[in-house]
$ cat data-v2.csv   # CSV, C-alpha atoms
chain,number,residue,atom,x,y,z
A,745,MET,CA,48.0,-11.7,2.0
A,746,GLY,CA,50.6,-13.3,-0.3
A,747,ASN,CA,50.9,-12.1,-3.8
A,748,ASN,CA,49.6,-8.6,-3.9
A,749,SER,CA,49.0,-8.4,-7.6
A,750,LYS,CA,46.8,-11.5,-7.6
A,751,ASN,CA,43.1,-11.1,-8.5
A,752,ILE,CA,40.6,-13.5,-7.2
A,753,THR,CA,37.1,-13.8,-8.7
A,754,LYS,CA,34.1,-15.7,-7.3
A,755,ARG,CA,30.7,-16.0,-8.8
A,756,LEU,CA,27.2,-16.7,-7.5
A,757,VAL,CA,23.9,-16.8,-9.4
A,758,ILE,CA,20.6,-16.5,-7.5
A,759,LYS,CA,16.9,-16.1,-8.4
A,760,SER,CA,15.2,-12.8,-7.6
A,761,ARG,CA,13.7,-13.8,-4.3
A,762,THR,CA,14.2,-12.1,-1.0
A,763,GLU,CA,14.7,-15.6,0.7
A,764,ASN,CA,18.0,-15.7,-1.2
A,765,LEU,CA,19.4,-12.6,0.6
A,766,SER,CA,20.8,-14.6,3.4
A,767,SER,CA,22.8,-17.0,1.2
A,768,LEU,CA,24.0,-13.9,-0.7
A,769,ARG,CA,25.2,-12.3,2.6
A,770,ASP,CA,27.0,-15.6,3.5
A,771,PHE,CA,28.7,-15.6,0.1
A,772,ILE,CA,29.9,-12.0,0.6
A,773,SER,CA,30.9,-12.6,4.2
A,774,ASP,CA,32.9,-15.8,3.4
A,775,ASN,CA,34.9,-14.1,0.6
A,776,ALA,CA,35.5,-10.9,2.4
A,777,ASN,CA,36.8,-12.9,5.3
A,778,ASN,CA,39.1,-14.8,3.0
A,779,ALA,CA,40.3,-11.5,1.6
A,780,GLY,CA,41.3,-10.5,5.1
A,781,LEU,CA,39.0,-7.5,5.5
A,782,SER,CA,38.2,-5.9,8.8
A,783,THR,CA,34.9,-6.7,10.5
A,784,ASP,CA,33.7,-3.2,10.0
A,785,ASP,CA,34.5,-3.3,6.2
A,786,ILE,CA,32.8,-6.7,5.9
A,787,ASP,CA,29.6,-5.4,7.7
A,788,ASP,CA,29.5,-2.4,5.4
A,789,ILE,CA,29.9,-4.5,2.2
A,790,ILE,CA,27.3,-7.1,3.3
A,791,LEU,CA,24.7,-4.4,3.9
A,792,ALA,CA,25.5,-2.5,0.7
A,793,VAL,CA,25.2,-5.7,-1.4
A,794,ASP,CA,21.9,-6.7,0.4
A,795,GLU,CA,20.5,-3.2,-0.4
A,796,ALA,CA,21.6,-3.5,-4.1
A,797,CYS,CA,20.1,-6.9,-4.4
A,798,THR,CA,16.9,-5.9,-2.6
A,799,ASN,CA,16.5,-3.0,-5.1
A,800,ILE,CA,17.0,-5.4,-8.0
A,801,ILE,CA,14.4,-7.8,-6.7
A,802,LYS,CA,11.9,-5.0,-6.0
A,803,HIS,CA,12.5,-2.6,-8.8
A,804,ALA,CA,14.3,-4.3,-11.7
A,805,TYR,CA,12.3,-7.5,-11.4
A,806,LYS,CA,9.3,-6.0,-9.6
A,807,SER,CA,9.2,-8.9,-7.2
A,808,VAL,CA,8.8,-11.5,-10.0
A,809,PRO,CA,10.6,-14.4,-8.5
A,810,ASP,CA,12.3,-16.1,-11.5
A,811,GLY,CA,14.7,-13.3,-12.6
A,812,GLU,CA,18.4,-14.1,-12.5
A,813,ILE,CA,20.9,-12.1,-10.5
A,814,ILE,CA,24.6,-12.7,-11.1
A,815,ILE,CA,27.0,-11.7,-8.4
A,816,GLU,CA,30.7,-11.5,-9.1
A,817,ILE,CA,33.3,-10.7,-6.4
A,818,ASN,CA,36.7,-9.5,-7.5
A,819,TYR,CA,39.4,-8.7,-5.1
A,820,ASN,CA,43.1,-8.1,-4.8
A,821,ALA,CA,45.2,-6.4,-2.1
A,822,ARG,CA,44.0,-3.0,-3.0
A,823,LYS,CA,40.3,-3.3,-3.7
A,824,PHE,CA,37.2,-5.5,-3.0
A,825,THR,CA,34.6,-5.1,-5.8
A,826,ILE,CA,31.2,-6.7,-6.2
A,827,LYS,CA,29.4,-6.7,-9.5
A,828,LEU,CA,25.7,-7.4,-9.7
A,829,ILE,CA,24.0,-8.0,-13.0
A,830,ASP,CA,20.3,-8.4,-13.8
A,831,HIS,CA,18.1,-8.6,-16.8
A,832,GLY,CA,15.2,-6.6,-15.4
A,833,ASN,CA,13.9,-3.1,-15.9
A,834,SER,CA,16.7,-0.5,-16.2
A,835,PHE,CA,17.3,2.1,-13.6
A,836,ASP,CA,18.8,5.5,-13.7
A,837,PRO,CA,20.4,6.2,-10.3
A,838,GLU,CA,20.6,9.9,-11.3
A,839,SER,CA,16.8,10.0,-11.0
A,840,VAL,CA,17.1,9.2,-7.3
A,841,PRO,CA,18.3,12.4,-5.6
A,842,VAL,CA,20.5,12.2,-2.5
A,843,PRO,CA,17.8,12.2,0.1
A,844,ASP,CA,17.4,15.1,2.5
A,845,LEU,CA,17.2,12.7,5.5
A,846,GLN,CA,15.4,15.1,7.8
A,847,LYS,CA,12.7,15.7,5.3
A,848,TYR,CA,12.6,12.1,4.3
A,849,LEU,CA,12.0,10.9,7.8
A,850,ARG,CA,9.4,13.5,8.5
A,851,GLN,CA,7.5,12.3,5.5
A,852,ARG,CA,8.0,8.6,6.6
A,853,LYS,CA,9.6,7.8,3.3
A,854,VAL,CA,11.9,4.9,3.1
A,855,GLY,CA,12.4,4.2,-0.7
A,856,GLY,CA,15.8,5.5,-1.7
A,857,LEU,CA,17.4,4.8,1.6
A,858,GLY,CA,19.0,1.7,0.2
A,859,LEU,CA,20.9,3.7,-2.5
A,860,TYR,CA,21.9,6.2,0.1
A,861,LEU,CA,23.3,3.5,2.3
A,862,MET,CA,25.2,1.9,-0.6
A,863,ARG,CA,26.8,5.3,-1.5
A,864,THR,CA,27.6,5.9,2.2
A,865,LEU,CA,29.0,2.5,3.0
A,866,MET,CA,31.1,1.9,-0.2
A,867,ASP,CA,33.9,4.0,-1.7
A,868,ASP,CA,32.5,3.8,-5.2
A,869,VAL,CA,29.0,2.8,-6.7
A,870,LYS,CA,28.7,2.7,-10.4
A,871,TYR,CA,25.6,1.8,-12.5
A,872,VAL,CA,25.6,0.8,-16.1
A,873,SER,CA,22.3,0.1,-17.8
A,874,ILE,CA,21.8,-1.2,-21.3
A,875,PRO,CA,17.9,-1.0,-21.6
A,876,GLY,CA,16.5,-4.3,-22.8
A,877,GLU,CA,19.8,-6.1,-22.2
A,878,TYR,CA,21.2,-5.8,-18.7
A,879,ASN,CA,21.9,-3.6,-15.7
A,880,GLN,CA,25.1,-3.7,-13.8
A,881,ILE,CA,26.0,-2.3,-10.4
A,882,LEU,CA,29.6,-2.1,-9.3
A,883,LEU,CA,30.3,-1.6,-5.6
A,884,SER,CA,33.9,-1.1,-4.5
A,885,LYS,CA,35.7,-0.8,-1.2
A,886,ASN,CA,39.3,0.4,-1.2
A,887,LEU,CA,41.5,-1.7,1.1
A,888,ASN,CA,43.8,1.0,2.5
A,889,ASN,CA,45.5,-1.2,5.0
A,890,ALA,CA,46.8,-3.6,2.5
A,891,HIS,CA,50.5,-2.7,2.9
A,892,GLN,CA,50.5,-1.9,6.6
B,1153,MET,CA,17.2,-18.9,4.8
B,1154,ALA,CA,17.7,-16.1,7.4
B,1155,GLU,CA,16.2,-16.7,10.7
B,1156,PHE,CA,14.1,-14.0,12.3
B,1157,SER,CA,11.6,-14.1,15.1
B,1158,THR,CA,9.8,-11.9,17.5
B,1159,SER,CA,8.4,-12.5,20.9
B,1160,ILE,CA,6.2,-10.2,23.1
B,1161,LYS,CA,6.2,-9.7,26.9
B,1162,ASN,CA,3.3,-7.6,28.2
B,1163,GLN,CA,4.0,-5.5,31.2
B,1164,GLY,CA,0.9,-3.7,32.2
B,1165,GLU,CA,0.0,-1.3,29.3
B,1166,ILE,CA,3.4,-1.7,27.8
B,1167,SER,CA,4.4,-4.3,25.2
B,1168,VAL,CA,8.0,-5.3,25.0
B,1169,VAL,CA,8.9,-6.8,21.6
B,1170,TYR,CA,12.1,-8.9,21.4
B,1171,LEU,CA,13.7,-9.2,18.0
B,1172,LYS,CA,16.0,-12.1,17.2
B,1173,GLY,CA,18.1,-12.9,14.1
B,1174,PHE,CA,18.2,-11.2,10.8
B,1175,LEU,CA,15.8,-8.4,9.8
B,1176,ASP,CA,15.9,-7.9,6.0
B,1177,ALA,CA,13.5,-7.5,3.0
B,1178,HIS,CA,12.5,-11.2,3.4
B,1179,THR,CA,11.8,-11.1,7.1
B,1180,ALA,CA,10.4,-7.6,7.5
B,1181,SER,CA,6.8,-8.8,7.0
B,1182,ASN,CA,7.2,-10.9,10.1
B,1183,LEU,CA,7.8,-7.7,12.1
B,1184,GLU,CA,5.0,-5.9,10.3
B,1185,ASN,CA,2.6,-8.6,11.4
B,1186,THR,CA,3.8,-8.3,15.0
B,1187,PHE,CA,3.2,-4.5,15.0
B,1188,SER,CA,-0.2,-4.9,13.3
B,1189,GLY,CA,-1.2,-7.4,15.9
B,1190,LEU,CA,-0.3,-5.0,18.7
B,1191,ILE,CA,-2.2,-2.1,17.0
B,1192,ASP,CA,-5.3,-4.3,16.5
B,1193,ASN,CA,-5.3,-4.9,20.2
B,1194,ASN,CA,-5.0,-1.2,20.9
B,1195,GLN,CA,-1.5,-1.7,22.4
B,1196,TYR,CA,0.3,1.5,21.5
B,1197,LYS,CA,3.0,1.6,24.1
B,1198,ILE,CA,5.7,-0.4,22.5
B,1199,VAL,CA,9.3,-1.0,23.6
B,1200,VAL,CA,11.5,-2.9,21.0
B,1201,ASN,CA,14.4,-4.8,22.5
B,1202,PHE,CA,17.2,-5.3,19.9
B,1203,LYS,CA,19.5,-7.4,22.1
B,1204,ASP,CA,19.4,-10.5,19.9
B,1205,LEU,CA,19.1,-8.8,16.6
B,1206,ALA,CA,22.2,-9.6,14.5
B,1207,TYR,CA,21.4,-7.6,11.4
B,1208,ILE,CA,19.1,-5.0,9.9
B,1209,SER,CA,18.8,-3.5,6.4
B,1210,SER,CA,16.7,-0.6,5.2
B,1211,ALA,CA,13.7,-2.9,4.7
B,1212,GLY,CA,13.7,-3.5,8.4
B,1213,LEU,CA,14.1,0.1,9.2
B,1214,GLY,CA,11.1,0.8,7.0
B,1215,VAL,CA,8.8,-1.2,9.2
B,1216,PHE,CA,9.5,1.3,12.1
B,1217,MET,CA,8.7,4.1,9.8
B,1218,ALA,CA,5.5,2.5,8.6
B,1219,PHE,CA,3.9,2.2,12.1
B,1220,ILE,CA,5.3,5.2,14.1
B,1221,GLU,CA,2.7,7.7,13.0
B,1222,LYS,CA,-0.3,5.5,13.8
B,1223,VAL,CA,1.1,4.6,17.2
B,1224,ARG,CA,1.8,8.2,18.1
B,1225,GLU,CA,-1.6,9.4,16.9
B,1226,ASN,CA,-3.0,7.0,19.6
B,1227,ASN,CA,-0.8,8.5,22.4
B,1228,GLY,CA,1.7,5.7,22.2
B,1229,ASP,CA,5.3,5.4,21.0
B,1230,ILE,CA,7.8,2.9,19.8
B,1231,LYS,CA,10.9,3.2,21.9
B,1232,LEU,CA,14.0,1.3,21.0
B,1233,THR,CA,16.5,-0.3,23.4
B,1234,THR,CA,19.6,-2.5,23.8
B,1235,MET,CA,21.0,-2.1,20.3
B,1236,SER,CA,24.4,-3.5,19.3
B,1237,ASP,CA,26.9,-0.8,18.1
B,1238,LYS,CA,26.6,-2.3,14.6
B,1239,VAL,CA,22.8,-2.0,14.5
B,1240,PHE,CA,22.8,1.4,16.1
B,1241,ASN,CA,25.3,2.7,13.4
B,1242,ILE,CA,22.8,1.9,10.7
B,1243,PHE,CA,20.0,3.7,12.5
B,1244,ASP,CA,22.3,6.6,13.1
B,1245,LEU,CA,23.5,6.8,9.5
B,1246,LEU,CA,19.9,7.3,8.5
B,1247,GLY,CA,19.1,9.9,11.1
B,1248,PHE,CA,16.7,7.8,13.1
B,1249,PRO,CA,17.9,9.0,16.6
B,1250,LEU,CA,16.1,12.2,15.8
B,1251,LEU,CA,12.7,10.4,15.4
B,1252,TYR,CA,13.0,7.6,17.9
B,1253,GLU,CA,14.0,7.5,21.5
B,1254,ILE,CA,16.8,5.0,21.9
B,1255,PHE,CA,17.7,3.7,25.4
B,1256,LYS,CA,20.6,1.7,26.7
B,1257,THR,CA,18.4,-0.7,28.7
B,1258,GLU,CA,14.9,-2.0,28.5
B,1259,ASP,CA,14.2,-0.7,32.1
B,1260,GLU,CA,14.9,2.9,31.0
B,1261,ALA,CA,12.6,2.6,28.0
B,1262,VAL,CA,9.8,1.1,30.1
B,1263,LYS,CA,10.2,3.7,32.9
B,1264,LYS,CA,9.9,6.5,30.3
B,1265,PHE,CA,6.4,5.3,29.5
B,1266,GLU,CA,5.5,5.0,33.2
B,1267,GLU,CA,6.6,8.6,33.9
B,1268,LYS,CA,3.8,10.0,31.7

$ encode --input "data-v2.csv" --output "structure tokens"
Amino acid sequence: MGNNSKNITKRLVIKSRTENLSSLRDFISDNANNAGLSTDDIDDIILAVDEACTNIIKHAYKSVPDGEIIIEINYNARKFTIKLIDHGNSFDPESVPVPDLQKYLRQRKVGGLGLYLMRTLMDDVKYVSIPGEYNQILLSKNLNNAHQ
Amino acid sequence: MAEFSTSIKNQGEISVVYLKGFLDAHTASNLENTFSGLIDNNQYKIVVNFKDLAYISSAGLGVFMAFIEKVRENNGDIKLTTMSDKVFNIFDLLGFPLLYEIFKTEDEAVKKFEEK
């Protein structure tokens, strides 16, 4: 992987439309491939970022199509991090309980599954919300095999 | 834009729905329309073949949740078959194997309907 201390940053800006999810997934996939991640890790990250972005489109922007979503990838030999920033309604992830999946499925509920997937697929999920200004989600995956 | 399509093969009372491509928050409505069409025609015995499905997110999984109750109320079912490991893992992570019968092959899923 070359210089292990090197940080690489890539940026993409999209409008809050679900039709943009596929180009977002391609952006993540290309960069995760360049970072040398395993196929399993790449699949996990793609799904987690898709879920995060879908939540932003549906909840932060309430499906209004002209909101801006900024996606920034940052990686080095140890960690692959994706930051998503929006200027929509703020969101308190603590208000979404970890779902009791059994109960959830019996009630045919699906909202909240995206956040559950993000937390399951990634090593770290952090939200920062400054109401009226911006929301930021930080998704990270540790690259444990970097020195092997 | 992500490509997603469905096609249907009718086999007696049973409808086999083939999924192809990427099922996400954008394309989920396409599958909703497919299921709605089957239900409008009183076709409640549904086998969904995932062989050519490359990707699914929770929005896609939500479509199965939205229709299963109505289908079962009418003595039908949605049975799932031929999933890649990658797609199965997402279903498994969310506990879906407890709610849906998942078969290795389309034949097994069709036969399960015919047994009854």

$ residues_around --input "data-v2.csv" --residues "Arg1224 in chain B" --least-positions-apart "2" --cutoff "12 Å" --atoms "all atoms listed in the file" --output "PyMOL selection string"
chain B and resi 1191+1194-1198+1216-1222+1226-1231+1251-1252

$ closest_residue --input "data-v2.csv" --among "B:Glu1253, B:Asp1204, B:Glu1266, B:Asp1237" --to "Lys1172 in chain B" --atoms "all atoms listed in the file"
B:Asp1204

$ closest_residue --input "data-v2.csv" --among "B:Glu1165, B:Asp1259, B:Glu1184, B:Asp1244" --to "chain A" --atoms "all atoms listed in the file"
B:Asp1244

$ interface_residues --input "data-v2.csv" --of "chain B" --to "chain A" --cutoff "8 Å" --atoms "only C-alpha atoms" --output "JSON, numbers by chain"
{"B": [1153, 1154, 1176, 1177, 1178, 1209, 1210, 1214, 1217, 1218, 1245, 1246, 1247, 1248, 1251]}

$ residues_around --input "data-v2.csv" --residues "range 881-890 of chain A" --least-positions-apart "2" --cutoff "8 Å" --atoms "all atoms listed in the file" --output "list in words"
Leu781, Asp785, Ile789, Ala792, Val793, Ala796, Ala821, Arg822, Lys823, Phe824, Thr825, Ile826, Lys827, Leu828, Ile829, Met862, Met866, Asp867, Asp868, Val869, Lys870, Tyr871, Val872, Asn879 and Gln892 of chain A

$ residues_near_point --input "data-v2.csv" --point "(19.1, 6.1, 22.1)" --cutoff "10 Å" --atoms "only C-alpha atoms" --output "ChimeraX atom specification"
/B:1231-1235,1240,1243-1244,1248-1250,1252-1257,1261

$ atom_distance --input "data-v2.csv" --atom1 "CA of Val1200 in chain B" --atom2 "CA of Asn1162 in chain B"
11.9 Å
